[in-house]
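> Below is the structure I would like to discuss, written out as structure tokens.
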Amino acid sequence: MSSAPQPSDYHDALTELPNRRLFDDRLKQALHLASRRDSGIALVLIELAGFATAGDDTVREAARRLAPVLRKADTLARWGAAQFAVILTDVTEEAQCRVAAERLLAALDMDVAIGISRFPADALDAAALVRNADAARARARELGRRHYRLYAR
């Protein structure tokens, strides 16, 4: 018999941000609302480049710096060991993604690679949105220090 999820099952213990489980749920909700409202969202994947085994202090500091540059309606989550993910809501133009990426880069005084994918422009479901943002992040990482890329087919 499995027990119901506990509140701690939805947040990362180190950063106190939503974890991937909660993030996945919020992404599905954001996609559903965007579809109903004929609006858009963007998925942003952030990797602390060169920090494959980033120390706890580095990850905690990155989370502390990222949160204030986002809007209250956006969701910031710990995505992996040295990765974060963001859902930007009510995104109607590519320029909004660029502004957000510049703010995120400015908040982090470290090597970082950021990939962005948009709904509905780049993907129509959560899995494709994640795949495309990850591909854009990989391209940003290839460029070196402190880059971001929007998904391009």
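Following the order of the structure tokens, first chain is A, next is B, and so on, with residues numbered from 1 inside each chain and ligands from 1 in the order they appear.
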List the spatial neighbours of region 16-22 of chain A as a PyMOL selection string - criterion: any atom at most 10 Å away, only C-alpha atoms, same-chain residues fewer than 5 positions off excluded.

chain A and resi 8-11+27+60+63-64+67+75-80+84-85

> Export, as a short mmCIF file (atom, residue, chain, number, x, y, z; two decimals), in the first residue's frame, the selected residues with N, CA and C atoms.


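Full text of again.cif as output:
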data_model
loop_
_atom_site.label_atom_id
_atom_site.label_comp_id
_atom_site.auth_asym_id
_atom_site.auth_seq_id
_atom_site.Cartn_x
_atom_site.Cartn_y
_atom_site.Cartn_z
N SER A 8 6.84 17.43 1.52
CA SER A 8 8.28 17.41 1.24
C SER A 8 8.58 16.66 -0.05
N ASP A 9 7.60 15.90 -0.56
CA ASP A 9 7.79 15.18 -1.82
C ASP A 9 7.74 16.13 -3.02
N TYR A 10 7.37 17.38 -2.80
CA TYR A 10 7.19 18.32 -3.89
C TYR A 10 8.21 19.46 -3.91
N HIS A 11 9.10 19.50 -2.94
CA HIS A 11 10.09 20.57 -2.87
C HIS A 11 11.48 20.01 -2.67
N LEU A 27 3.80 22.46 -15.12
CA LEU A 27 3.97 22.61 -16.56
C LEU A 27 2.71 22.12 -17.29
N ARG A 60 22.52 26.52 -4.02
CA ARG A 60 21.66 27.34 -3.15
C ARG A 60 21.74 28.82 -3.53
N ALA A 63 19.87 29.52 -6.82
CA ALA A 63 18.42 29.57 -6.57
C ALA A 63 18.04 30.90 -5.93
N ARG A 64 18.83 31.35 -4.98
CA ARG A 64 18.56 32.62 -4.29
C ARG A 64 18.61 33.80 -5.27
N ALA A 67 15.37 33.55 -8.21
CA ALA A 67 13.97 33.77 -7.80
C ALA A 67 13.52 35.23 -7.92
N THR A 75 7.19 29.99 -12.60
CA THR A 75 7.60 28.93 -11.70
C THR A 75 9.07 28.62 -11.90
N LEU A 76 9.83 28.68 -10.81
CA LEU A 76 11.24 28.30 -10.79
C LEU A 76 11.35 27.01 -10.00
N ALA A 77 12.07 26.03 -10.55
CA ALA A 77 12.22 24.75 -9.88
C ALA A 77 13.64 24.23 -10.03
N ARG A 78 14.03 23.39 -9.10
CA ARG A 78 15.30 22.67 -9.25
C ARG A 78 15.03 21.51 -10.18
N TRP A 79 15.77 21.44 -11.27
CA TRP A 79 15.53 20.46 -12.32
C TRP A 79 16.47 19.27 -12.21
N GLY A 80 17.70 19.52 -11.79
CA GLY A 80 18.70 18.46 -11.67
C GLY A 80 19.79 18.93 -10.74
N PHE A 84 18.23 24.20 -13.29
CA PHE A 84 16.97 24.77 -12.88
C PHE A 84 16.06 24.84 -14.10
N ALA A 85 14.76 24.91 -13.85
CA ALA A 85 13.78 25.07 -14.93
C ALA A 85 12.81 26.17 -14.53
#

> For Leu43 (chain A), please output as a list of chain:residue names all residues within 6 Å (counting only C-alpha atoms; exclusion window: fewer than 2 positions along the same chain).

A:Val86, A:Ile87, A:Ile116, A:Ser117

> Which residues are close to Val112 (chain A), i.e. within 10 Å by only C-alpha atoms, leaving aside same-chain residues fewer than 4 positions away? Reply as a list in words.

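That gives Ile46, Glu47, Leu48, Ala49, Gly50, Phe51, Ala82, Gln83, Leu104, Leu105, Leu108, Arg137, Ala140, Arg141, Gly144, Arg145, Arg146, His147 and Tyr148 of chain A.
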
> Atoms to include: C-alpha atoms. Write the selected residues as a compact mmCIF listing (two decimals), in the first residue's frame.


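After the write, out.txt holds the following:
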# COMPACT_ATOMS: atom_id res chain seq x y z
CA ILE A 46 19.25 26.64 -16.97
CA GLU A 47 22.45 24.71 -16.49
CA LEU A 48 25.25 25.90 -14.27
CA ALA A 49 27.92 25.11 -16.85
CA GLY A 50 31.07 23.49 -15.58
CA PHE A 51 29.28 22.53 -12.37
CA ALA A 82 23.14 21.75 -11.32
CA GLN A 83 20.04 22.66 -13.31
CA LEU A 104 18.53 35.35 -15.64
CA LEU A 105 22.06 35.66 -17.05
CA LEU A 108 24.04 34.63 -12.11
CA ARG A 137 20.46 24.61 -23.88
CA ALA A 140 24.06 27.47 -25.78
CA ARG A 141 26.58 25.37 -23.86
CA GLY A 144 30.89 28.76 -24.17
CA ARG A 145 30.35 30.98 -21.17
CA ARG A 146 27.07 32.72 -20.37
CA HIS A 147 24.92 32.08 -23.42
CA TYR A 148 21.28 31.43 -24.10

> Which one is closest to Tyr151 (chain A): A:Leu88, A:Ala128, A:Val69, A:Ala135? Count only C-alpha atoms.

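Of A:Leu88, A:Ala128, A:Val69, A:Ala135, the one nearest Tyr151 (chain A) is A:Ala135, counting only C-alpha atoms.
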
> Could you give me, as an MDAnalysis selection string, the residues within 8 Å of Val91 (chain A), counting only C-alpha atoms and dropping anything in the same chain fewer than 4 positions from it?

chainID A and resid 39:42 96:97

> A:Asp38, A:Thr15, A:Arg139, A:Arg153: which is nearest Asp122 (chain A), counting only C-alpha atoms?

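Nearest candidate to Asp122 (chain A) out of A:Asp38, A:Thr15, A:Arg139, A:Arg153: A:Arg153.
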
> In region 9-145 of chain A, what's strand (DSSP E or B) per DSSP? Answer as a list of chain:residue names?

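Of region 9-145 of chain A, the ones in strand (DSSP E or B) are A:His11, A:Pro18, A:Ile41, A:Ala42, A:Leu43, A:Val44, A:Leu45, A:Ile46, A:Glu47, A:Thr75, A:Leu76, A:Ala77, A:Arg78, A:Trp79, A:Gly80, A:Gln83, A:Phe84, A:Ala85, A:Val86, A:Ile87, A:Leu88, A:Ala113, A:Ile114, A:Gly115, A:Ile116, A:Ser117, A:Arg118, A:Phe119.
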
> Go ahead and compute the interatomic distance for CA of Ala152 (chain A) and CA of Arg71 (chain A), in Å to one decimal.

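That distance, rounded to one decimal, is 25.3 Å.
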
> For a test of reading the model, state the distance in Å between CA of Thr89 (chain A) and CA of Arg149 (chain A), rounded to one decimal.

18.4 Å

> Taking the chain letters and numbering used in this document, name the residues of chain A that DSSP puts in alpha helix (DSSP H), as a ChimeraX atom specification.

/A:20-37,56-66,94-107,126-142

> For the atom pair CA of Glu61 (chain A) and CA of Leu45 (chain A), what is the interatomic distance in Å to one decimal place?

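About the pair CA of Glu61 (chain A) and CA of Leu45 (chain A): they are 17.1 Å apart.
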